[in-house]
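> You'll find entry-v7.cif just under this line, and it carries mmCIF, C-alpha atoms and all ligand atoms.
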data_protein
loop_
_atom_site.label_atom_id
_atom_site.label_comp_id
_atom_site.auth_asym_id
_atom_site.auth_seq_id
_atom_site.Cartn_x
_atom_site.Cartn_y
_atom_site.Cartn_z
CA MET A 1 27.70 58.54 249.38
CA ILE A 2 28.17 61.90 247.82
CA SER A 3 26.26 61.46 244.62
CA SER A 4 24.48 58.78 242.63
CA LEU A 5 24.20 58.66 238.87
CA LYS A 6 22.23 55.99 237.02
CA GLN A 7 23.97 54.76 233.89
CA SER A 8 22.58 52.91 230.90
CA THR A 9 24.37 49.83 229.70
CA LEU A 10 26.25 50.63 226.54
CA ALA A 11 28.17 48.41 224.21
CA PHE A 12 30.02 48.93 220.97
CA ASN A 13 28.99 46.16 218.71
CA GLY A 14 31.38 45.69 215.83
CA HIS A 15 30.17 48.50 213.63
CA ASN A 16 33.56 49.93 212.98
CA ILE A 17 34.96 46.65 212.07
CA LEU A 18 36.61 45.07 209.19
CA ARG A 19 34.98 42.72 206.95
CA SER A 20 37.44 40.13 206.01
CA ARG A 21 35.16 38.39 203.68
CA SER A 22 36.82 38.43 205.43
CA LEU A 23 36.28 41.61 207.25
CA VAL A 24 35.34 44.87 205.67
CA PRO A 25 34.17 47.52 208.01
CA VAL A 26 30.76 48.71 208.36
CA PRO A 27 31.08 52.15 209.74
CA THR A 28 30.49 53.07 213.34
CA ARG A 29 26.89 54.12 213.44
CA HIS A 30 25.53 53.96 216.89
CA LEU A 31 25.99 52.65 220.35
CA GLN A 32 23.93 49.57 220.84
CA PHE A 33 21.97 48.83 223.97
CA LEU A 34 22.26 45.43 225.47
CA PRO A 35 21.23 42.66 225.05
CA SER A 36 24.08 41.98 222.68
CA ALA A 37 25.88 38.88 221.56
CA ASN A 38 29.05 40.76 222.15
CA THR A 39 28.40 41.34 225.78
CA GLY A 40 31.63 41.34 227.61
CA ARG A 41 34.33 41.02 225.04
CA ASN A 42 33.38 43.83 222.74
CA SER A 43 31.86 46.05 225.34
CA ILE A 44 33.88 49.10 226.08
CA VAL A 45 31.47 50.44 228.64
CA SER A 46 29.22 48.22 230.63
CA LEU A 47 27.60 49.88 233.58
CA SER A 48 24.32 48.43 234.58
CA LYS A 49 24.26 49.57 238.19
CA PRO A 50 24.10 53.01 239.75
CA LEU A 51 27.45 54.73 239.87
CA HIS A 52 28.35 55.99 243.33
CA VAL A 53 31.13 58.39 244.14
CA VAL A 54 32.50 57.68 247.63
CA SER A 55 35.70 57.85 249.65
CA PRO A 56 38.04 54.84 249.18
CA GLU A 57 37.46 53.53 252.76
CA ALA A 58 33.73 53.92 252.56
CA PHE A 59 33.77 52.30 249.14
CA SER A 60 35.76 49.31 250.37
CA ASN A 61 33.43 48.76 253.36
CA SER A 62 30.36 49.26 251.27
CA LEU A 63 31.63 46.80 248.65
CA LYS A 64 32.29 44.13 251.28
CA LYS A 65 28.83 44.63 252.77
CA SER A 66 27.21 44.63 249.39
CA LEU A 67 28.94 41.41 248.31
CA LYS A 68 28.01 39.73 251.61
CA HIS A 69 24.42 40.87 251.24
CA GLU A 70 24.23 39.70 247.65
CA LYS A 71 25.63 36.30 248.60
CA GLU A 72 23.11 35.93 251.41
CA GLN A 73 20.27 37.04 249.20
CA SER A 74 21.22 34.64 246.49
CA LEU A 75 21.54 31.72 248.91
CA ILE A 76 18.23 32.46 250.59
CA LYS A 77 16.46 32.84 247.31
CA CYS A 78 17.90 29.64 245.98
CA LYS A 79 16.92 27.67 249.06
CA ALA A 80 13.38 29.03 249.05
CA TYR A 81 12.97 28.23 245.41
CA GLU A 82 14.35 24.72 245.80
CA ALA A 83 12.05 24.04 248.77
CA GLU A 84 8.80 25.39 247.41
CA LYS A 85 9.24 25.32 243.63
CA SER A 86 6.91 28.26 243.84
CA GLU A 87 8.70 30.66 241.46
CA PRO A 88 7.35 30.53 237.94
CA ILE A 89 9.97 29.53 235.41
CA SER A 90 9.66 32.28 232.85
CA GLU A 91 12.06 33.57 230.26
CA SER A 92 13.13 37.15 230.87
CA PRO A 93 12.63 39.67 228.04
CA VAL A 94 16.42 39.83 227.74
CA THR A 95 16.67 36.06 227.10
CA LYS A 96 13.83 36.21 224.60
CA SER A 97 15.33 39.08 222.62
CA GLU A 98 18.71 37.35 222.66
CA ALA A 99 17.10 34.21 221.29
CA ALA A 100 15.33 36.25 218.58
CA ARG A 101 18.63 37.89 217.71
CA ARG A 102 20.33 34.52 217.36
CA VAL A 103 17.58 33.29 215.08
CA LYS A 104 17.99 36.43 212.97
CA ILE A 105 21.77 35.94 212.72
CA GLY A 106 21.21 32.25 211.88
CA ILE A 107 18.91 33.27 209.05
CA TYR A 108 21.46 35.82 207.79
CA PHE A 109 24.21 33.19 207.81
CA ALA A 110 22.15 30.50 206.09
CA THR A 111 21.07 33.01 203.42
CA TRP A 112 24.61 34.32 202.97
CA TRP A 113 26.07 30.82 202.47
CA ALA A 114 23.25 29.67 200.20
CA LEU A 115 23.52 32.78 198.00
CA ASN A 116 27.29 32.40 197.89
CA VAL A 117 27.08 28.78 196.82
CA ILE A 118 24.60 29.69 194.06
CA PHE A 119 26.82 32.56 192.91
CA ASN A 120 29.89 30.34 192.73
CA ILE A 121 28.09 27.67 190.76
CA TYR A 122 26.64 30.06 188.18
CA ASN A 123 29.89 32.01 188.01
CA LYS A 124 31.81 28.87 187.14
CA LYS A 125 29.18 27.70 184.66
CA VAL A 126 29.41 31.07 182.89
CA LEU A 127 33.21 31.11 182.97
CA ASN A 128 33.39 27.58 181.55
CA ALA A 129 31.30 28.59 178.54
CA PHE A 130 32.28 32.25 178.31
CA PRO A 131 35.83 32.67 179.69
CA PHE A 132 35.90 36.44 180.07
CA PRO A 133 36.41 37.14 183.78
CA TRP A 134 36.81 40.90 183.34
CA LEU A 135 33.37 41.18 181.80
CA THR A 136 31.69 38.84 184.28
CA SER A 137 33.24 40.82 187.15
CA THR A 138 31.94 44.04 185.62
CA LEU A 139 28.47 42.57 185.16
CA SER A 140 28.26 41.53 188.83
CA LEU A 141 29.08 45.06 189.95
CA ALA A 142 26.68 46.52 187.37
CA ALA A 143 23.82 44.29 188.54
CA GLY A 144 24.40 45.29 192.16
CA SER A 145 24.54 48.98 191.27
CA LEU A 146 21.33 48.73 189.26
CA ILE A 147 19.49 46.80 192.00
CA MET A 148 20.44 49.40 194.57
CA LEU A 149 19.62 52.41 192.37
CA ILE A 150 16.16 50.93 191.77
CA SER A 151 15.76 50.17 195.49
CA TRP A 152 16.62 53.78 196.35
CA ALA A 153 14.34 55.19 193.64
CA LEU A 154 11.41 53.05 194.81
CA ARG A 155 12.28 53.75 198.44
CA ILE A 156 12.67 50.05 199.16
CA ALA A 157 15.99 50.99 200.74
CA GLU A 158 16.82 54.29 202.36
CA THR A 159 19.06 56.46 200.16
CA PRO A 160 22.34 57.07 201.98
CA LYS A 161 23.44 60.59 202.78
CA THR A 162 26.95 60.86 201.45
CA ASP A 163 29.36 63.71 200.78
CA LEU A 164 32.54 64.13 198.77
CA ASP A 165 34.59 63.13 201.77
CA PHE A 166 32.73 59.82 201.93
CA TRP A 167 33.50 59.02 198.29
CA LYS A 168 37.14 60.08 198.71
CA THR A 169 37.63 57.72 201.62
CA LEU A 170 35.76 55.01 199.76
CA PHE A 171 38.00 55.31 196.69
CA PRO A 172 41.02 53.27 197.89
CA VAL A 173 38.61 50.70 199.33
CA ALA A 174 36.91 50.43 195.93
CA VAL A 175 40.26 50.09 194.12
CA ALA A 176 41.23 47.20 196.39
CA HIS A 177 37.74 45.67 196.13
CA THR A 178 37.92 45.84 192.32
CA ILE A 179 41.35 44.22 192.17
CA GLY A 180 40.32 41.51 194.64
CA HIS A 181 37.10 40.78 192.77
CA VAL A 182 38.68 40.60 189.30
CA ALA A 183 41.61 38.54 190.56
CA ALA A 184 39.26 36.00 192.20
CA THR A 185 37.18 35.76 189.02
CA VAL A 186 40.29 35.33 186.85
CA SER A 187 41.36 32.59 189.24
CA MET A 188 38.00 30.83 188.98
CA SER A 189 38.17 31.01 185.20
CA LYS A 190 41.40 28.98 185.31
CA VAL A 191 40.99 26.50 188.17
CA ALA A 192 38.29 24.64 190.08
CA VAL A 193 36.07 26.77 192.32
CA SER A 194 37.14 24.63 195.28
CA PHE A 195 40.82 25.37 194.63
CA THR A 196 40.27 29.13 194.45
CA HIS A 197 38.41 29.01 197.78
CA ILE A 198 41.05 26.84 199.45
CA ILE A 199 43.68 29.42 198.53
CA LYS A 200 41.30 32.20 199.60
CA SER A 201 41.03 30.61 203.02
CA GLY A 202 44.67 31.71 203.42
CA GLU A 203 43.62 35.37 203.63
CA PRO A 204 44.41 35.64 207.37
CA ALA A 205 48.05 34.87 206.60
CA PHE A 206 48.18 37.86 204.26
CA SER A 207 46.45 39.98 206.84
CA VAL A 208 49.02 39.19 209.51
CA LEU A 209 52.01 39.55 207.19
CA VAL A 210 50.84 42.91 205.83
CA SER A 211 49.99 44.18 209.30
CA ARG A 212 53.36 43.01 210.65
CA PHE A 213 55.72 44.06 207.89
CA ILE A 214 53.95 47.06 206.36
CA LEU A 215 52.05 48.51 209.29
CA GLY A 216 54.46 47.34 211.99
CA GLU A 217 51.72 45.76 214.14
CA THR A 218 52.60 42.90 216.43
CA PHE A 219 50.47 39.92 217.45
CA PRO A 220 50.60 37.34 220.21
CA PRO A 221 52.55 34.15 219.37
CA SER A 222 49.28 32.18 219.09
CA VAL A 223 48.32 34.28 216.04
CA TYR A 224 51.63 33.54 214.29
CA LEU A 225 51.31 29.86 215.21
CA SER A 226 47.83 29.68 213.67
CA LEU A 227 49.41 30.70 210.35
CA VAL A 228 51.39 27.45 210.25
CA PRO A 229 48.36 25.26 209.44
CA ILE A 230 46.92 27.95 207.15
CA ILE A 231 50.06 28.29 205.05
CA GLY A 232 50.93 24.59 205.32
CA GLY A 233 47.38 23.48 204.40
CA CYS A 234 47.11 25.86 201.44
CA GLY A 235 50.59 24.81 200.28
CA LEU A 236 49.71 21.12 200.50
CA ALA A 237 46.43 21.67 198.64
CA ALA A 238 48.21 23.66 195.92
CA LEU A 239 50.98 21.09 195.47
CA THR A 240 48.53 18.21 195.20
CA GLU A 241 45.89 20.00 193.07
CA LEU A 242 45.32 17.87 189.99
CA ASN A 243 44.33 20.79 187.77
CA PHE A 244 46.85 23.29 189.06
CA ASN A 245 47.22 26.43 187.01
CA MET A 246 49.63 29.22 187.87
CA THR A 247 47.31 32.06 186.75
CA GLY A 248 44.52 30.58 188.86
CA PHE A 249 46.80 30.28 191.88
CA ILE A 250 48.26 33.77 191.54
CA GLY A 251 44.79 35.24 190.95
CA ALA A 252 43.56 33.84 194.27
CA MET A 253 46.72 35.08 196.03
CA ILE A 254 46.31 38.60 194.56
CA SER A 255 42.67 38.54 195.65
CA ASN A 256 43.76 37.73 199.20
CA LEU A 257 46.28 40.56 199.23
CA ALA A 258 43.85 43.07 197.71
CA PHE A 259 41.13 42.19 200.23
CA VAL A 260 43.57 42.70 203.10
CA PHE A 261 44.29 46.21 201.81
CA ARG A 262 40.58 46.77 201.30
CA ASN A 263 40.09 45.99 204.97
CA ILE A 264 42.89 48.27 206.07
CA PHE A 265 41.63 51.20 203.98
CA SER A 266 38.08 50.60 205.18
CA LYS A 267 39.17 50.58 208.79
CA ARG A 268 41.03 53.84 208.38
CA GLY A 269 38.54 55.65 206.23
CA MET A 270 35.13 54.75 207.54
CA LYS A 271 35.37 55.53 211.23
CA GLY A 272 32.46 57.64 212.34
CA LYS A 273 30.58 57.54 209.02
CA SER A 274 26.89 56.86 209.18
CA VAL A 275 26.00 54.56 206.29
CA SER A 276 24.39 51.18 206.82
CA GLY A 277 26.14 47.98 205.79
CA MET A 278 23.80 47.50 202.84
CA ASN A 279 24.29 51.04 201.51
CA TYR A 280 28.01 50.95 202.17
CA TYR A 281 28.27 47.91 199.92
CA ALA A 282 26.01 49.57 197.31
CA CYS A 283 28.31 52.61 197.12
CA LEU A 284 31.33 50.33 196.99
CA SER A 285 29.83 48.43 194.04
CA MET A 286 29.08 51.64 192.14
CA LEU A 287 32.53 53.10 192.58
CA SER A 288 34.17 49.75 191.73
CA LEU A 289 32.04 49.56 188.60
CA LEU A 290 33.32 52.98 187.47
CA ILE A 291 36.90 51.92 188.13
CA LEU A 292 36.62 48.51 186.48
CA THR A 293 34.70 49.29 183.29
CA PRO A 294 37.53 51.01 181.34
CA PHE A 295 40.00 48.31 182.35
CA ALA A 296 37.60 45.53 181.32
CA ILE A 297 37.18 47.19 177.91
CA ALA A 298 40.95 47.59 177.55
CA VAL A 299 41.83 44.03 178.62
CA GLU A 300 39.05 42.11 176.83
CA GLY A 301 36.86 44.52 174.85
CA PRO A 302 33.48 44.45 173.08
CA LEU A 303 34.72 42.69 169.97
CA ILE A 304 36.04 39.65 171.76
CA TRP A 305 32.97 39.64 174.05
CA ALA A 306 30.64 39.57 171.05
CA LEU A 307 32.51 36.64 169.46
CA GLY A 308 32.71 34.81 172.78
CA PHE A 309 29.03 35.33 173.48
CA LYS A 310 28.07 33.98 170.04
CA GLU A 311 30.16 30.89 170.69
CA ALA A 312 28.74 30.38 174.20
CA ARG A 313 25.19 30.82 172.95
CA SER A 314 25.69 28.26 170.23
CA GLN A 315 27.01 25.76 172.78
CA ILE A 316 24.70 26.39 175.74
CA GLY A 317 21.66 27.99 174.15
CA PRO A 318 19.75 31.07 175.31
CA GLN A 319 20.05 30.01 178.95
CA ILE A 320 23.60 31.37 178.98
CA ILE A 321 21.91 34.77 179.42
CA TRP A 322 20.12 33.49 182.54
CA TRP A 323 23.33 32.06 183.90
CA MET A 324 25.04 35.42 183.43
CA ALA A 325 22.13 37.22 185.06
CA ALA A 326 22.13 34.73 187.95
CA GLN A 327 25.87 35.04 188.66
CA SER A 328 25.59 38.85 188.60
CA VAL A 329 22.50 39.11 190.81
CA PHE A 330 23.63 36.45 193.29
CA TYR A 331 27.04 38.09 193.61
CA HIS A 332 25.36 41.26 194.75
CA LEU A 333 22.85 39.49 196.99
CA TYR A 334 25.38 37.41 198.91
CA ASN A 335 27.60 40.41 199.45
CA GLN A 336 24.67 42.52 200.52
CA VAL A 337 23.53 39.93 203.06
CA SER A 338 27.06 39.53 204.38
CA TYR A 339 27.38 43.30 204.88
CA MET A 340 23.97 43.37 206.52
CA SER A 341 25.00 40.60 208.89
CA LEU A 342 28.03 42.70 209.83
CA ASP A 343 25.61 45.17 211.36
CA GLU A 344 24.59 42.44 213.80
CA ILE A 345 27.68 40.47 214.66
CA SER A 346 31.24 40.83 215.88
CA PRO A 347 34.25 40.50 213.55
CA LEU A 348 35.05 37.15 215.15
CA THR A 349 31.60 35.73 214.44
CA PHE A 350 31.80 37.11 210.92
CA SER A 351 35.19 35.57 210.36
CA ILE A 352 33.99 32.16 211.54
CA GLY A 353 30.88 32.51 209.37
CA ASN A 354 33.09 33.30 206.39
CA THR A 355 35.19 30.20 206.98
CA MET A 356 32.02 28.08 207.19
CA LYS A 357 30.93 29.70 203.94
CA ARG A 358 34.13 28.54 202.24
CA ILE A 359 33.51 24.99 203.45
CA SER A 360 29.98 25.03 201.96
CA VAL A 361 31.31 26.39 198.66
CA ILE A 362 34.22 23.95 198.47
CA VAL A 363 32.06 20.91 199.26
CA SER A 364 29.12 21.87 197.05
CA SER A 365 31.30 22.83 194.07
CA ILE A 366 33.22 19.54 194.31
CA ILE A 367 29.91 17.66 194.23
CA ILE A 368 28.30 19.71 191.46
CA PHE A 369 31.30 19.95 189.14
CA HIS A 370 32.60 16.44 189.95
CA THR A 371 35.97 17.96 190.81
CA PRO A 372 38.57 15.22 191.22
CA VAL A 373 40.03 15.37 194.74
CA GLN A 374 42.86 13.26 196.10
CA PRO A 375 42.83 12.43 199.83
CA ILE A 376 46.07 14.38 200.38
CA ASN A 377 44.52 17.38 198.61
CA ALA A 378 41.44 17.22 200.84
CA LEU A 379 43.71 16.94 203.87
CA GLY A 380 45.52 20.14 202.83
CA ALA A 381 42.18 21.95 202.51
CA ALA A 382 41.01 20.68 205.90
CA ILE A 383 44.25 21.80 207.60
CA ALA A 384 43.99 25.25 206.02
CA ILE A 385 40.37 25.65 207.12
CA LEU A 386 41.20 24.47 210.62
CA GLY A 387 43.99 27.05 210.66
CA THR A 388 41.54 29.86 209.88
CA PHE A 389 39.39 28.76 212.85
CA LEU A 390 42.45 28.78 215.11
CA TYR A 391 43.40 32.18 213.74
CA SER A 392 39.96 33.60 214.53
CA GLN A 393 40.26 32.38 218.10
CA ALA A 394 43.86 33.55 218.54
CA LYS A 395 43.07 36.99 217.09
CA GLN A 396 40.31 37.43 219.61
C1 LIG B 1 34.85 37.95 194.35
O1 LIG B 1 34.60 37.66 193.22
O2 LIG B 1 34.77 39.10 194.81
C2 LIG B 1 35.29 36.85 195.23
O3 LIG B 1 34.87 35.63 194.74
C3 LIG B 1 34.84 37.09 196.61
O4 LIG B 1 35.02 35.97 197.32
P1 LIG B 1 34.63 35.94 198.84
O5 LIG B 1 33.44 36.80 199.00
O6 LIG B 1 34.34 34.52 199.11
O7 LIG B 1 35.85 36.42 199.56
#
When written as C-alpha cells, how does the structure in this file appear?
Ligand code: 3PG

Amino acid sequence: MISSLKQSTLAFNGHNILRSRSLVPVPTRHLQFLPSANTGRNSIVSLSKPLHVVSPEAFSNSLKKSLKHEKEQSLIKCKAYEAEKSEPISESPVTKSEAARRVKIGIYFATWWALNVIFNIYNKKVLNAFPFPWLTSTLSLAAGSLIMLISWALRIAETPKTDLDFWKTLFPVAVAHTIGHVAATVSMSKVAVSFTHIIKSGEPAFSVLVSRFILGETFPPSVYLSLVPIIGGCGLAALTELNFNMTGFIGAMISNLAFVFRNIFSKRGMKGKSVSGMNYYACLSMLSLLILTPFAIAVEGPLIWALGFKEARSQIGPQIIWWMAAQSVFYHLYNQVSYMSLDEISPLTFSIGNTMKRISVIVSSIIIFHTPVQPINALGAAIAILGTFLYSQAKQ
C-alpha cells in the first residue's frame, strides 16, 4: 500500500432534476450524504471504504484475501449468532433515519395529493359558475405570489438570493409554465376534470416525442413501447368520452406540450443554481403572474369579469368568493408541496407519485361531480395510467 485516503459517501439526489408534474427541476444545491433513498441508482460517487492506491498485482491479491476474509467473518458471525442468539437485535441509526425519511416522503405525498384533489374540486366548481379560465389562472398565481411575499417578509420562509441571470434563465420556464397552466384551466372549463387529467397522463408521450424529434435524443425500445398504452389509452378515453369537447381536449394537449418544454428549459437553465424547491416555485409563480396578467386582461377583461362575477354571485351566493380563494390558495399549496418533495426524492419516485396523484383526482372528481363514465372509457383511462407507470420504469 502506498497511500490510504478515507472518503465520505456522497450521492447526488435528484436536485438537478426535472419536475414532470411531471418533472420540473429543482436546482442542484448540494451533495447529500447517505442514507438516501436513491442509494445505488442515482449515486454518482459511492465510496464508503478507505481508498488504497496499490500496484495491480498487489491489488488483485489483496482483493482476493479481503473477499475470503470477509466471507469467513460473515459465516462465523452468522453461526455464532444463530447458536447463541446473544446479539441484541437493534435498528442501526442508518435504518432509523431511512425509516424517518420514508415517513416524511409519505407525508409529503399524502399532502400533495390531498391538496391537489381539493384544488381540482374548487377549480371546477368555480369554472362551472364563473367560466373565465384566464382570470382563475391569474388568481392562482397571484395567491401564490402573495403567500410567498408575506412568508418572506415575516421570515417564515428564507428569502432566496437571486440575480438577473437567475430571472433570465427562469423566463422561458415561466412562459411555458404560464401556457401549460392556462391551457389546463381552459380545458377544465370545457370538459370534466377527470377527462383533462386522463389526457394529462399522456405527458410522457409528449416528452419522448419532443426529445426525439426536436432534441434528437434516443431512448431504449422499452421507452417507446411504453408509449403504446399511453397513447392508446388516452385515445380510447377521448373517443369514448361522453362529454367530449375539442377545446377541452386541445387545451389538455397544449398543457402537456408546454409542460414538456418547461421541463426542458428548467433542466438547461437551473443547473448549479442554489434556490430551494419552495422558493424556485415562488419565483416561477411571480414571473408567470407578470406574463399572464396582460394576456388575461386582453382575452377576457375586467368588464366581462364583472358581469360574470355578478351572475355567479346571484347563482351561488357569497360563497363563490370562498371557492375562488380556495382554488387559488390550494393551487399554490399543492404545487409548493410537490416542489418541496422534489428536494427529497428522485425523478422516478416523483413521476410515480404524480401518476398516483392523477388517479386520486380522476376517481375523486368522478365521485364528487357524478361524472358519467362508460366501462370502455374507464378502461382507456386505466390503460393510459398503466402506460405512465411502465414509462417511469422504462425511463429509469
Ligand atoms: C395547472 O393548472 O397548472 C394544471 O392543472 C397542473 O396540473 P398538474 O399539476 O396536475 O400537472
> Produce as a list in words the set of residues near ligand LIG 1 (chain B), where near means within 7 Å with only C-alpha atoms and all ligand atoms considered.
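The residues within 7 Å of ligand LIG 1 (chain B), counting only C-alpha atoms and all ligand atoms, are Arg21, Ser22, Ser137, Gly180, His181, Val182, Ala184, Thr185, His197, Lys200, Asn335 and Arg358 of chain A.
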> Could you save the residues just selected, with C-alpha atoms, as a PDB file, keeping the file's coordinate frame?

ATOM      1  CA  ARG A  21      35.160  38.390 203.680  1.00  0.00           C
ATOM      2  CA  SER A  22      36.820  38.430 205.430  1.00  0.00           C
ATOM      3  CA  SER A 137      33.240  40.820 187.150  1.00  0.00           C
ATOM      4  CA  GLY A 180      40.320  41.510 194.640  1.00  0.00           C
ATOM      5  CA  HIS A 181      37.100  40.780 192.770  1.00  0.00           C
ATOM      6  CA  VAL A 182      38.680  40.600 189.300  1.00  0.00           C
ATOM      7  CA  ALA A 184      39.260  36.000 192.200  1.00  0.00           C
ATOM      8  CA  THR A 185      37.180  35.760 189.020  1.00  0.00           C
ATOM      9  CA  HIS A 197      38.410  29.010 197.780  1.00  0.00           C
ATOM     10  CA  LYS A 200      41.300  32.200 199.600  1.00  0.00           C
ATOM     11  CA  ASN A 335      27.600  40.410 199.450  1.00  0.00           C
ATOM     12  CA  ARG A 358      34.130  28.540 202.240  1.00  0.00           C
TER      13      ARG A 358
END
> Point out the residue among A:Met246, A:Ala174, A:Ala129, A:Val103 with the least atom-to-atom distance to Leu292 of chain A, counting all atoms listed in the file.
A:Ala174
> Just the residues within 7 Å of segment 248-260 of chain A, please, counting only C-alpha atoms, with nothing from its chain fewer than 5 positions along; format it as a list in words.
Ala176, His177, Ile179, Gly180, His181, Ala183, Ala184, Val186, Ser187, Met188, Lys190, Val191, Thr196, Ile199, Lys200, Glu203, Phe206 and Ser207 of chain A
> Draw an axis-aligned box tight on the listed atoms of segment 154-162 of chain A, then pad every side by 6 Å and write out centre and edge lengths in Å to one decimal as lines of an AutoDock Vina configuration file.

center_x = 19.2
center_y = 55.5
center_z = 198.8
size_x = 27.5
size_y = 22.8
size_z = 20.0
> Counting only C-alpha atoms, what is within 9 Å of segment 284-288 of chain A, bar same-chain residues fewer than 4 positions away, as number ranges by chain?
A: 138, 140-142, 144-146, 167, 170-171, 173-178, 279-280, 292-293, 332
> Take atom CA of Leu227 of chain A and atom CA of Tyr281 of chain A and report the distance between them in Å, one decimal.
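Pair atom CA of Leu227 of chain A / atom CA of Tyr281 of chain A returns 29.2 Å.
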> Using all atoms listed in the file, which of A:Thr388, A:Ser266, A:Thr111, A:Ser194 sits nearest Thr355 of chain A?
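Comparing A:Thr388, A:Ser266, A:Thr111, A:Ser194 against Thr355 of chain A, the winner is A:Thr388.
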> With a distance cut-off of 6 Å and all atoms listed in the file, select the neighbouring residues of segment 311-319 of chain A, excluding the residue or stretch itself and same-chain residues fewer than 2 positions from it, and output the selection as number ranges by chain.
A: 129-130, 308-309, 321-322
> Of the candidates A:Pro347, A:Gly232, A:Gly301, A:Gly277, which shows the shortest atom-to-atom distance to Leu379 of chain A, using all atoms listed in the file?
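The answer is A:Gly232, which sits nearest to Leu379 of chain A.
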> May I have the residues within 12 Å of Pro372 of chain A as a list in words, using only C-alpha atoms and disregarding those fewer than 6 positions away in the same chain?
Val191, Ala192, Val193, Ser194, Phe195, Thr240, Glu241, Leu242, Asn243, Phe244, Val363, Ser365, Ile366 and Ala378 of chain A
> Grab the atom CA of Asp165 of chain A to atom CA of Asp343 of chain A distance for me, in Å with one decimal place.
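The value is 22.3 Å.
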> What is the atom CA of Ala381 of chain A-atom CA of Cys234 of chain A distance in Å, reported with one decimal?
6.4 Å
> For Ala326 of chain A, please output as a PyMOL selection string all residues within 9 Å (counting only C-alpha atoms; exclusion window: fewer than 3 positions along the same chain).
chain A and resi 118-119+122-123+321-323+329-331
> Got a minute to add N, CA and C atoms to segment 146-162 of chain A and dump it as an mmCIF file, in the frame of the given file?

data_model
loop_
_atom_site.group_PDB
_atom_site.id
_atom_site.type_symbol
_atom_site.label_atom_id
_atom_site.label_comp_id
_atom_site.auth_asym_id
_atom_site.auth_seq_id
_atom_site.Cartn_x
_atom_site.Cartn_y
_atom_site.Cartn_z
ATOM 1 N N LEU A 146 22.683 48.521 189.796
ATOM 2 C CA LEU A 146 21.330 48.730 189.260
ATOM 3 C C LEU A 146 20.264 48.374 190.316
ATOM 4 N N ILE A 147 20.462 47.240 190.967
ATOM 5 C CA ILE A 147 19.490 46.800 192.000
ATOM 6 C C ILE A 147 19.360 47.887 193.076
ATOM 7 N N MET A 148 20.490 48.421 193.479
ATOM 8 C CA MET A 148 20.440 49.400 194.570
ATOM 9 C C MET A 148 19.866 50.744 194.106
ATOM 10 N N LEU A 149 20.182 51.149 192.873
ATOM 11 C CA LEU A 149 19.620 52.410 192.370
ATOM 12 C C LEU A 149 18.094 52.307 192.300
ATOM 13 N N ILE A 150 17.614 51.135 191.838
ATOM 14 C CA ILE A 150 16.160 50.930 191.770
ATOM 15 C C ILE A 150 15.570 50.921 193.181
ATOM 16 N N SER A 151 16.256 50.240 194.097
ATOM 17 C CA SER A 151 15.760 50.170 195.490
ATOM 18 C C SER A 151 15.666 51.571 196.107
ATOM 19 N N TRP A 152 16.649 52.413 195.803
ATOM 20 C CA TRP A 152 16.620 53.780 196.350
ATOM 21 C C TRP A 152 15.490 54.593 195.699
ATOM 22 N N ALA A 153 15.370 54.422 194.368
ATOM 23 C CA ALA A 153 14.340 55.190 193.640
ATOM 24 C C ALA A 153 12.941 54.810 194.131
ATOM 25 N N LEU A 154 12.732 53.516 194.365
ATOM 26 C CA LEU A 154 11.410 53.050 194.810
ATOM 27 C C LEU A 154 11.248 53.118 196.330
ATOM 28 N N ARG A 155 12.255 53.622 196.971
ATOM 29 C CA ARG A 155 12.280 53.750 198.440
ATOM 30 C C ARG A 155 12.152 52.411 199.161
ATOM 31 N N ILE A 156 12.622 51.358 198.487
ATOM 32 C CA ILE A 156 12.670 50.050 199.160
ATOM 33 C C ILE A 156 13.800 50.100 200.186
ATOM 34 N N ALA A 157 14.874 50.781 199.799
ATOM 35 C CA ALA A 157 15.990 50.990 200.740
ATOM 36 C C ALA A 157 16.177 52.497 200.908
ATOM 37 N N GLU A 158 16.613 52.871 202.078
ATOM 38 C CA GLU A 158 16.820 54.290 202.360
ATOM 39 C C GLU A 158 18.050 54.791 201.585
ATOM 40 N N THR A 159 17.915 55.906 200.897
ATOM 41 C CA THR A 159 19.060 56.460 200.160
ATOM 42 C C THR A 159 20.087 56.999 201.162
ATOM 43 N N PRO A 160 21.353 56.602 200.999
ATOM 44 C CA PRO A 160 22.340 57.070 201.980
ATOM 45 C C PRO A 160 22.689 58.547 201.779
ATOM 46 N N LYS A 161 23.000 59.188 202.880
ATOM 47 C CA LYS A 161 23.440 60.590 202.780
ATOM 48 C C LYS A 161 24.962 60.573 202.752
ATOM 49 N N THR A 162 25.491 60.899 201.577
ATOM 50 C CA THR A 162 26.950 60.860 201.450
ATOM 51 C C THR A 162 27.469 62.225 201.003
#
